[in-house]
file my_file-v7.cif (mmCIF, N, CA and C atoms)
data_start
#
loop_
_atom_site.label_atom_id
_atom_site.label_comp_id
_atom_site.auth_asym_id
_atom_site.auth_seq_id
_atom_site.Cartn_x
_atom_site.Cartn_y
_atom_site.Cartn_z
N MET I 1 99.30 87.13 -99.37
CA MET I 1 98.91 86.02 -98.54
C MET I 1 99.61 84.77 -99.05
N SER I 2 100.30 84.08 -98.17
CA SER I 2 101.06 82.91 -98.58
C SER I 2 100.15 81.69 -98.73
N ARG I 3 100.69 80.66 -99.33
CA ARG I 3 99.93 79.42 -99.55
C ARG I 3 99.54 78.80 -98.21
N GLU I 4 100.43 78.86 -97.24
CA GLU I 4 100.15 78.29 -95.93
C GLU I 4 99.00 79.01 -95.23
N GLN I 5 98.96 80.32 -95.36
CA GLN I 5 97.86 81.07 -94.76
C GLN I 5 96.54 80.76 -95.45
N ARG I 6 96.57 80.57 -96.75
CA ARG I 6 95.34 80.22 -97.47
C ARG I 6 94.84 78.84 -97.08
N LEU I 7 95.77 77.92 -96.83
CA LEU I 7 95.36 76.58 -96.40
C LEU I 7 94.68 76.60 -95.03
N GLN I 8 95.09 77.54 -94.18
CA GLN I 8 94.47 77.63 -92.86
C GLN I 8 93.02 78.10 -92.93
N LEU I 9 92.61 78.69 -94.04
CA LEU I 9 91.23 79.14 -94.21
C LEU I 9 90.29 78.03 -94.64
N VAL I 10 90.82 76.92 -95.11
CA VAL I 10 89.98 75.86 -95.67
C VAL I 10 88.99 75.29 -94.64
N PRO I 11 89.38 74.98 -93.40
CA PRO I 11 88.37 74.47 -92.46
C PRO I 11 87.21 75.44 -92.22
N ALA I 12 87.50 76.72 -92.17
CA ALA I 12 86.43 77.70 -92.00
C ALA I 12 85.52 77.73 -93.22
N LEU I 13 86.09 77.57 -94.40
CA LEU I 13 85.28 77.53 -95.61
C LEU I 13 84.42 76.27 -95.67
N VAL I 14 84.93 75.16 -95.15
CA VAL I 14 84.14 73.93 -95.11
C VAL I 14 82.92 74.12 -94.20
N VAL I 15 83.12 74.74 -93.05
CA VAL I 15 81.99 74.98 -92.14
C VAL I 15 81.01 75.98 -92.75
N ALA I 16 81.52 77.03 -93.38
CA ALA I 16 80.64 78.01 -94.00
C ALA I 16 79.80 77.38 -95.11
N THR I 17 80.41 76.52 -95.91
CA THR I 17 79.66 75.82 -96.95
C THR I 17 78.63 74.88 -96.33
N GLY I 18 78.99 74.23 -95.25
CA GLY I 18 78.05 73.36 -94.55
C GLY I 18 76.88 74.12 -93.97
N ILE I 19 77.13 75.32 -93.46
CA ILE I 19 76.05 76.14 -92.90
C ILE I 19 75.07 76.53 -94.01
N VAL I 20 75.60 77.00 -95.13
CA VAL I 20 74.73 77.43 -96.23
C VAL I 20 73.95 76.25 -96.79
N ALA I 21 74.63 75.13 -97.00
CA ALA I 21 73.96 73.96 -97.58
C ALA I 21 72.91 73.38 -96.65
N SER I 22 73.24 73.27 -95.35
CA SER I 22 72.25 72.70 -94.43
C SER I 22 71.06 73.62 -94.23
N THR I 23 71.30 74.92 -94.20
CA THR I 23 70.18 75.86 -94.09
C THR I 23 69.31 75.79 -95.33
N ALA I 24 69.93 75.68 -96.50
CA ALA I 24 69.16 75.58 -97.74
C ALA I 24 68.31 74.32 -97.77
N VAL I 25 68.86 73.21 -97.32
CA VAL I 25 68.10 71.95 -97.32
C VAL I 25 66.91 72.06 -96.39
N VAL I 26 67.11 72.62 -95.19
CA VAL I 26 66.01 72.75 -94.24
C VAL I 26 64.96 73.74 -94.74
N VAL I 27 65.39 74.86 -95.31
CA VAL I 27 64.43 75.86 -95.80
C VAL I 27 63.64 75.32 -96.98
N PHE I 28 64.31 74.66 -97.91
CA PHE I 28 63.62 74.16 -99.09
C PHE I 28 62.72 72.98 -98.78
N SER I 29 62.97 72.29 -97.65
CA SER I 29 62.04 71.22 -97.27
C SER I 29 60.71 71.83 -96.84
N GLY I 30 60.74 73.05 -96.32
CA GLY I 30 59.53 73.80 -96.00
C GLY I 30 58.65 73.15 -94.95
N GLY I 31 59.21 72.29 -94.14
CA GLY I 31 58.41 71.64 -93.12
C GLY I 31 57.58 70.49 -93.66
N SER I 32 57.65 70.24 -94.98
CA SER I 32 56.83 69.17 -95.56
C SER I 32 57.47 67.80 -95.35
N SER I 33 58.78 67.75 -95.28
CA SER I 33 59.47 66.48 -95.11
C SER I 33 60.39 66.57 -93.90
N GLU I 34 60.08 65.77 -92.89
CA GLU I 34 60.93 65.75 -91.70
C GLU I 34 62.31 65.17 -92.02
N TRP I 35 62.35 64.23 -92.94
CA TRP I 35 63.62 63.59 -93.26
C TRP I 35 64.59 64.55 -93.94
N LEU I 36 64.09 65.46 -94.75
CA LEU I 36 64.98 66.45 -95.35
C LEU I 36 65.53 67.40 -94.30
N GLY I 37 64.72 67.75 -93.31
CA GLY I 37 65.20 68.60 -92.23
C GLY I 37 66.28 67.93 -91.41
N ILE I 38 66.07 66.65 -91.11
CA ILE I 38 67.08 65.89 -90.37
C ILE I 38 68.34 65.74 -91.22
N ALA I 39 68.18 65.54 -92.53
CA ALA I 39 69.34 65.44 -93.41
C ALA I 39 70.13 66.75 -93.43
N GLY I 40 69.44 67.88 -93.33
CA GLY I 40 70.13 69.17 -93.27
C GLY I 40 71.01 69.29 -92.04
N LEU I 41 70.48 68.87 -90.88
CA LEU I 41 71.29 68.93 -89.66
C LEU I 41 72.41 67.90 -89.68
N LEU I 42 72.17 66.75 -90.29
CA LEU I 42 73.25 65.77 -90.42
C LEU I 42 74.36 66.29 -91.33
N LEU I 43 73.98 67.05 -92.35
CA LEU I 43 74.97 67.68 -93.22
C LEU I 43 75.81 68.70 -92.45
N LEU I 44 75.17 69.45 -91.58
CA LEU I 44 75.90 70.40 -90.74
C LEU I 44 76.84 69.68 -89.78
N ALA I 45 76.37 68.60 -89.18
CA ALA I 45 77.22 67.83 -88.27
C ALA I 45 78.42 67.25 -89.00
N LEU I 46 78.20 66.75 -90.20
CA LEU I 46 79.30 66.21 -91.00
C LEU I 46 80.31 67.29 -91.37
N ALA I 47 79.83 68.48 -91.70
CA ALA I 47 80.74 69.58 -92.04
C ALA I 47 81.60 69.98 -90.85
N ILE I 48 81.01 70.00 -89.65
CA ILE I 48 81.76 70.36 -88.45
C ILE I 48 82.86 69.35 -88.16
N VAL I 49 82.50 68.08 -88.21
CA VAL I 49 83.47 67.02 -87.92
C VAL I 49 84.57 66.99 -88.99
N GLN I 50 84.19 67.15 -90.24
CA GLN I 50 85.18 67.14 -91.32
C GLN I 50 86.13 68.34 -91.23
N ALA I 51 85.60 69.50 -90.91
CA ALA I 51 86.46 70.68 -90.80
C ALA I 51 87.45 70.54 -89.64
N ASP I 52 87.01 69.94 -88.55
CA ASP I 52 87.92 69.75 -87.42
C ASP I 52 89.01 68.73 -87.76
N ALA I 53 88.65 67.67 -88.45
CA ALA I 53 89.66 66.70 -88.87
C ALA I 53 90.64 67.32 -89.85
N LEU I 54 90.15 68.16 -90.73
CA LEU I 54 91.04 68.85 -91.69
C LEU I 54 91.96 69.82 -90.97
N ARG I 55 91.44 70.52 -89.97
CA ARG I 55 92.27 71.45 -89.20
C ARG I 55 93.38 70.70 -88.47
N ALA I 56 93.04 69.54 -87.92
CA ALA I 56 94.06 68.74 -87.24
C ALA I 56 95.12 68.28 -88.23
N ARG I 57 94.72 67.90 -89.42
CA ARG I 57 95.67 67.45 -90.43
C ARG I 57 96.59 68.58 -90.87
N LEU I 58 96.04 69.78 -91.00
CA LEU I 58 96.87 70.92 -91.40
C LEU I 58 97.85 71.32 -90.31
N GLN I 59 97.55 70.98 -89.06
CA GLN I 59 98.46 71.29 -87.96
C GLN I 59 99.48 70.19 -87.72
N GLY I 60 99.46 69.14 -88.55
CA GLY I 60 100.45 68.08 -88.44
C GLY I 60 100.05 66.96 -87.49
N ARG I 61 98.83 66.96 -87.01
CA ARG I 61 98.36 65.89 -86.13
C ARG I 61 97.62 64.86 -86.96
N PRO I 62 97.25 63.72 -86.37
CA PRO I 62 96.45 62.75 -87.13
C PRO I 62 95.12 63.35 -87.58
N ALA I 63 94.69 62.96 -88.76
CA ALA I 63 93.48 63.55 -89.35
C ALA I 63 92.23 62.89 -88.76
N ARG I 64 91.92 63.24 -87.54
CA ARG I 64 90.69 62.77 -86.91
C ARG I 64 90.09 63.92 -86.11
N PRO I 65 88.78 63.93 -85.99
CA PRO I 65 88.14 65.05 -85.27
C PRO I 65 88.40 64.95 -83.77
N SER I 66 88.33 66.09 -83.12
CA SER I 66 88.50 66.12 -81.68
C SER I 66 87.22 65.63 -81.01
N ILE I 67 87.32 65.38 -79.72
CA ILE I 67 86.16 64.93 -78.97
C ILE I 67 85.09 66.01 -78.95
N GLY I 68 85.51 67.27 -78.84
CA GLY I 68 84.55 68.37 -78.83
C GLY I 68 83.76 68.47 -80.13
N ALA I 69 84.44 68.33 -81.25
CA ALA I 69 83.75 68.39 -82.54
C ALA I 69 82.80 67.22 -82.71
N SER I 70 83.21 66.06 -82.25
CA SER I 70 82.33 64.88 -82.34
C SER I 70 81.09 65.06 -81.48
N LEU I 71 81.28 65.60 -80.27
CA LEU I 71 80.13 65.83 -79.39
C LEU I 71 79.18 66.87 -79.96
N VAL I 72 79.72 67.94 -80.52
CA VAL I 72 78.86 68.96 -81.11
C VAL I 72 78.11 68.40 -82.31
N GLY I 73 78.79 67.66 -83.16
CA GLY I 73 78.12 67.06 -84.32
C GLY I 73 77.02 66.10 -83.92
N CYS I 74 77.30 65.25 -82.93
CA CYS I 74 76.28 64.31 -82.46
C CYS I 74 75.11 65.03 -81.79
N SER I 75 75.40 66.08 -81.04
CA SER I 75 74.30 66.80 -80.37
C SER I 75 73.41 67.51 -81.39
N PHE I 76 73.97 68.02 -82.49
CA PHE I 76 73.14 68.63 -83.54
C PHE I 76 72.26 67.57 -84.20
N ALA I 77 72.82 66.40 -84.45
CA ALA I 77 72.04 65.34 -85.08
C ALA I 77 70.89 64.90 -84.16
N VAL I 78 71.18 64.72 -82.88
CA VAL I 78 70.13 64.32 -81.93
C VAL I 78 69.09 65.42 -81.76
N ALA I 79 69.55 66.68 -81.70
CA ALA I 79 68.60 67.79 -81.59
C ALA I 79 67.68 67.85 -82.80
N GLY I 80 68.21 67.58 -83.96
CA GLY I 80 67.37 67.57 -85.16
C GLY I 80 66.34 66.47 -85.12
N MET I 81 66.73 65.30 -84.63
CA MET I 81 65.79 64.20 -84.56
C MET I 81 64.70 64.43 -83.50
N ILE I 82 65.04 65.20 -82.48
CA ILE I 82 64.04 65.50 -81.45
C ILE I 82 63.13 66.64 -81.88
N LEU I 83 63.71 67.71 -82.42
CA LEU I 83 62.93 68.91 -82.71
C LEU I 83 62.20 68.90 -84.03
N MET I 84 62.69 68.16 -85.02
CA MET I 84 62.07 68.20 -86.34
C MET I 84 60.62 67.71 -86.33
N PRO I 85 60.28 66.61 -85.69
CA PRO I 85 58.86 66.21 -85.68
C PRO I 85 57.97 67.19 -84.90
N ILE I 86 58.53 67.90 -83.95
CA ILE I 86 57.73 68.82 -83.14
C ILE I 86 57.44 70.11 -83.89
N SER I 87 58.49 70.74 -84.40
CA SER I 87 58.31 72.03 -85.08
C SER I 87 59.23 72.12 -86.29
N ALA I 88 58.80 71.55 -87.38
CA ALA I 88 59.61 71.53 -88.59
C ALA I 88 59.78 72.93 -89.18
N ASP I 89 58.78 73.79 -89.00
CA ASP I 89 58.88 75.15 -89.54
C ASP I 89 59.92 75.99 -88.82
N ASP I 90 60.11 75.75 -87.53
CA ASP I 90 61.07 76.53 -86.75
C ASP I 90 62.51 76.08 -86.96
N MET I 91 62.73 74.94 -87.56
CA MET I 91 64.09 74.45 -87.74
C MET I 91 64.90 75.33 -88.69
N ALA I 92 64.24 76.00 -89.61
CA ALA I 92 64.96 76.88 -90.54
C ALA I 92 65.62 78.03 -89.80
N THR I 93 65.05 78.45 -88.69
CA THR I 93 65.68 79.51 -87.91
C THR I 93 66.69 78.97 -86.92
N LEU I 94 66.57 77.71 -86.52
CA LEU I 94 67.49 77.14 -85.54
C LEU I 94 68.80 76.65 -86.16
N VAL I 95 68.79 76.29 -87.42
CA VAL I 95 70.02 75.76 -88.05
C VAL I 95 71.15 76.77 -88.02
N PRO I 96 70.96 78.04 -88.39
CA PRO I 96 72.07 78.99 -88.28
C PRO I 96 72.54 79.22 -86.84
N VAL I 97 71.63 79.12 -85.88
CA VAL I 97 72.02 79.25 -84.47
C VAL I 97 72.90 78.08 -84.06
N PHE I 98 72.50 76.88 -84.45
CA PHE I 98 73.34 75.71 -84.18
C PHE I 98 74.70 75.85 -84.85
N ALA I 99 74.70 76.38 -86.06
CA ALA I 99 75.94 76.51 -86.82
C ALA I 99 76.90 77.49 -86.16
N MET I 100 76.38 78.57 -85.63
CA MET I 100 77.26 79.55 -84.98
C MET I 100 77.90 78.95 -83.72
N ALA I 101 77.20 78.05 -83.07
CA ALA I 101 77.78 77.38 -81.90
C ALA I 101 78.94 76.47 -82.29
N SER I 102 78.96 76.01 -83.53
CA SER I 102 80.02 75.10 -83.96
C SER I 102 81.35 75.80 -84.16
N TRP I 103 81.37 77.10 -84.32
CA TRP I 103 82.64 77.81 -84.53
C TRP I 103 83.53 77.72 -83.30
N MET I 104 82.97 77.53 -82.11
CA MET I 104 83.79 77.40 -80.90
C MET I 104 84.72 76.21 -80.98
N VAL I 105 84.23 75.14 -81.59
CA VAL I 105 85.03 73.92 -81.67
C VAL I 105 86.21 74.10 -82.61
N LEU I 106 86.01 74.85 -83.68
CA LEU I 106 87.07 75.00 -84.67
C LEU I 106 88.18 75.94 -84.24
N PHE I 107 87.87 76.87 -83.38
CA PHE I 107 88.87 77.85 -82.98
C PHE I 107 89.05 77.84 -81.47
N PRO I 108 89.84 76.89 -80.94
CA PRO I 108 90.06 76.84 -79.50
C PRO I 108 90.83 78.06 -79.02
N SER I 109 90.76 78.30 -77.71
CA SER I 109 91.31 79.54 -77.16
C SER I 109 92.82 79.53 -77.02
N THR I 110 93.45 78.38 -77.02
CA THR I 110 94.89 78.32 -76.85
C THR I 110 95.56 77.78 -78.11
N ARG I 111 96.85 77.95 -78.19
CA ARG I 111 97.57 77.56 -79.40
C ARG I 111 97.69 76.05 -79.58
N ASP I 112 97.78 75.31 -78.50
CA ASP I 112 97.97 73.88 -78.63
C ASP I 112 96.66 73.12 -78.83
N GLY I 113 95.54 73.81 -78.86
CA GLY I 113 94.27 73.18 -79.11
C GLY I 113 93.58 72.61 -77.89
N GLN I 114 94.18 72.75 -76.72
CA GLN I 114 93.58 72.25 -75.50
C GLN I 114 92.86 73.38 -74.81
N CYS I 115 91.57 73.35 -74.81
CA CYS I 115 90.78 74.41 -74.19
C CYS I 115 90.93 74.36 -72.68
N GLY I 116 91.11 75.51 -72.08
CA GLY I 116 91.13 75.59 -70.63
C GLY I 116 92.49 75.38 -69.99
N THR I 117 93.51 75.05 -70.75
CA THR I 117 94.83 74.86 -70.16
C THR I 117 95.66 76.09 -70.44
N ARG I 118 96.42 76.47 -69.46
CA ARG I 118 97.27 77.65 -69.63
C ARG I 118 98.72 77.25 -69.32
N THR I 119 99.60 77.78 -70.13
CA THR I 119 101.02 77.55 -69.87
C THR I 119 101.63 78.87 -69.42
N GLN I 120 102.54 78.76 -68.48
CA GLN I 120 103.18 79.97 -67.98
C GLN I 120 104.45 80.25 -68.77
N ALA I 121 104.71 81.49 -68.98
CA ALA I 121 105.91 81.90 -69.70
C ALA I 121 107.14 81.59 -68.87
N PRO I 122 108.23 81.14 -69.52
CA PRO I 122 109.45 80.82 -68.76
C PRO I 122 110.12 82.05 -68.22
#
call {"tool": "encode", "arguments": {"input": "my_file-v7.cif", "output": "structure tokens"}}
result
Amino acid sequence: MSREQRLQLVPALVVATGIVASTAVVVFSGGSSEWLGIAGLLLLALAIVQADALRARLQGRPARPSIGASLVGCSFAVAGMILMPISADDMATLVPVFAMASWMVLFPSTRDGQCGTRTQAP
């Protein structure tokens, strides 16, 4: 495995670390502290946005997150603020589900990173 191929794995490792850390924060809060649960989802949102910015940097583009990653990160943060006061115990099961939804943003379906656009072969 070349150095370049190993570098391409770093954004996925950032998201995986964010998933484990945010799930651990929410589980260890145990529903006793709403703020720790919200902090766990904010950690997940930060990991998603950071991994997307890193992926863009590795592809030679400016190091900023895409609109999709920003929207997913913000929606996780808002969902945490809405759901945590209602059912803090259930958030430990929802964090991995939210995290799996974030993988769509990191791996777009086309090579140029634009979802939904198709180029025809010459």
call {"tool": "resolve_selection", "arguments": {"input": "my_file-v7.cif", "expression": "the PyMOL selection byres (((chain I and resi 30 and name CA) around 12) and name CA)", "output": "number ranges by chain"}}
result
I: 23-29, 31-37, 40, 84, 87-93
call {"tool": "write_last_selection", "arguments": {"input": "my_file-v7.cif", "atoms": "N, CA and C atoms", "output": "PDB file, in the frame of the given file"}}
result
ATOM      1  N   THR I  23      71.300  74.920 -94.200  1.00  0.00           N
ATOM      2  CA  THR I  23      70.180  75.860 -94.090  1.00  0.00           C
ATOM      3  C   THR I  23      69.310  75.790 -95.330  1.00  0.00           C
ATOM      4  N   ALA I  24      69.930  75.680 -96.500  1.00  0.00           N
ATOM      5  CA  ALA I  24      69.160  75.580 -97.740  1.00  0.00           C
ATOM      6  C   ALA I  24      68.310  74.320 -97.770  1.00  0.00           C
ATOM      7  N   VAL I  25      68.860  73.210 -97.320  1.00  0.00           N
ATOM      8  CA  VAL I  25      68.100  71.950 -97.320  1.00  0.00           C
ATOM      9  C   VAL I  25      66.910  72.060 -96.390  1.00  0.00           C
ATOM     10  N   VAL I  26      67.110  72.620 -95.190  1.00  0.00           N
ATOM     11  CA  VAL I  26      66.010  72.750 -94.240  1.00  0.00           C
ATOM     12  C   VAL I  26      64.960  73.740 -94.740  1.00  0.00           C
ATOM     13  N   VAL I  27      65.390  74.860 -95.310  1.00  0.00           N
ATOM     14  CA  VAL I  27      64.430  75.860 -95.800  1.00  0.00           C
ATOM     15  C   VAL I  27      63.640  75.320 -96.980  1.00  0.00           C
ATOM     16  N   PHE I  28      64.310  74.660 -97.910  1.00  0.00           N
ATOM     17  CA  PHE I  28      63.620  74.160 -99.090  1.00  0.00           C
ATOM     18  C   PHE I  28      62.720  72.980 -98.780  1.00  0.00           C
ATOM     19  N   SER I  29      62.970  72.290 -97.650  1.00  0.00           N
ATOM     20  CA  SER I  29      62.040  71.220 -97.270  1.00  0.00           C
ATOM     21  C   SER I  29      60.710  71.830 -96.840  1.00  0.00           C
ATOM     22  N   GLY I  31      59.210  72.290 -94.140  1.00  0.00           N
ATOM     23  CA  GLY I  31      58.410  71.640 -93.120  1.00  0.00           C
ATOM     24  C   GLY I  31      57.580  70.490 -93.660  1.00  0.00           C
ATOM     25  N   SER I  32      57.650  70.240 -94.980  1.00  0.00           N
ATOM     26  CA  SER I  32      56.830  69.170 -95.560  1.00  0.00           C
ATOM     27  C   SER I  32      57.470  67.800 -95.350  1.00  0.00           C
ATOM     28  N   SER I  33      58.780  67.750 -95.280  1.00  0.00           N
ATOM     29  CA  SER I  33      59.470  66.480 -95.110  1.00  0.00           C
ATOM     30  C   SER I  33      60.390  66.570 -93.900  1.00  0.00           C
ATOM     31  N   GLU I  34      60.080  65.770 -92.890  1.00  0.00           N
ATOM     32  CA  GLU I  34      60.930  65.750 -91.700  1.00  0.00           C
ATOM     33  C   GLU I  34      62.310  65.170 -92.020  1.00  0.00           C
ATOM     34  N   TRP I  35      62.350  64.230 -92.940  1.00  0.00           N
ATOM     35  CA  TRP I  35      63.620  63.590 -93.260  1.00  0.00           C
ATOM     36  C   TRP I  35      64.590  64.550 -93.940  1.00  0.00           C
ATOM     37  N   LEU I  36      64.090  65.460 -94.750  1.00  0.00           N
ATOM     38  CA  LEU I  36      64.980  66.450 -95.350  1.00  0.00           C
ATOM     39  C   LEU I  36      65.530  67.400 -94.300  1.00  0.00           C
ATOM     40  N   GLY I  37      64.720  67.750 -93.310  1.00  0.00           N
ATOM     41  CA  GLY I  37      65.200  68.600 -92.230  1.00  0.00           C
ATOM     42  C   GLY I  37      66.280  67.930 -91.410  1.00  0.00           C
ATOM     43  N   GLY I  40      69.440  67.880 -93.330  1.00  0.00           N
ATOM     44  CA  GLY I  40      70.130  69.170 -93.270  1.00  0.00           C
ATOM     45  C   GLY I  40      71.010  69.290 -92.040  1.00  0.00           C
ATOM     46  N   MET I  84      62.690  68.160 -85.020  1.00  0.00           N
ATOM     47  CA  MET I  84      62.070  68.200 -86.340  1.00  0.00           C
ATOM     48  C   MET I  84      60.620  67.710 -86.330  1.00  0.00           C
ATOM     49  N   SER I  87      58.490  70.740 -84.400  1.00  0.00           N
ATOM     50  CA  SER I  87      58.310  72.030 -85.080  1.00  0.00           C
ATOM     51  C   SER I  87      59.230  72.120 -86.290  1.00  0.00           C
ATOM     52  N   ALA I  88      58.800  71.550 -87.380  1.00  0.00           N
ATOM     53  CA  ALA I  88      59.610  71.530 -88.590  1.00  0.00           C
ATOM     54  C   ALA I  88      59.780  72.930 -89.180  1.00  0.00           C
ATOM     55  N   ASP I  89      58.780  73.790 -89.000  1.00  0.00           N
ATOM     56  CA  ASP I  89      58.880  75.150 -89.540  1.00  0.00           C
ATOM     57  C   ASP I  89      59.920  75.990 -88.820  1.00  0.00           C
ATOM     58  N   ASP I  90      60.110  75.750 -87.530  1.00  0.00           N
ATOM     59  CA  ASP I  90      61.070  76.530 -86.750  1.00  0.00           C
ATOM     60  C   ASP I  90      62.510  76.080 -86.960  1.00  0.00           C
ATOM     61  N   MET I  91      62.730  74.940 -87.560  1.00  0.00           N
ATOM     62  CA  MET I  91      64.090  74.450 -87.740  1.00  0.00           C
ATOM     63  C   MET I  91      64.900  75.330 -88.690  1.00  0.00           C
ATOM     64  N   ALA I  92      64.240  76.000 -89.610  1.00  0.00           N
ATOM     65  CA  ALA I  92      64.960  76.880 -90.540  1.00  0.00           C
ATOM     66  C   ALA I  92      65.620  78.030 -89.800  1.00  0.00           C
ATOM     67  N   THR I  93      65.050  78.450 -88.690  1.00  0.00           N
ATOM     68  CA  THR I  93      65.680  79.510 -87.910  1.00  0.00           C
ATOM     69  C   THR I  93      66.690  78.970 -86.920  1.00  0.00           C
TER      70      THR I  93
END
call {"tool": "atom_distance", "arguments": {"input": "my_file-v7.cif", "atom1": "atom N of Arg55 in chain I", "atom2": "atom C of Gln8 in chain I"}}
result
8.3 Å
call {"tool": "residues_around", "arguments": {"input": "my_file-v7.cif", "residues": "Ala63 in chain I", "least_positions_apart": "2", "cutoff": "7 Å", "atoms": "only N, CA and C atoms", "output": "list in words"}}
result
Asp52, Ala53, Leu54, Ala56, Arg57, Leu58, Gly60, Arg61 and Pro65 of chain I
call {"tool": "closest_residue", "arguments": {"input": "my_file-v7.cif", "among": "I:Ile19, I:Ala77, I:Ile38, I:Leu43", "to": "Met100 in chain I", "atoms": "only N, CA and C atoms"}}
result
I:Ile19
call {"tool": "atom_distance", "arguments": {"input": "my_file-v7.cif", "atom1": "atom C of Ala79 in chain I", "atom2": "atom C of Ile67 in chain I"}}
result
17.9 Å
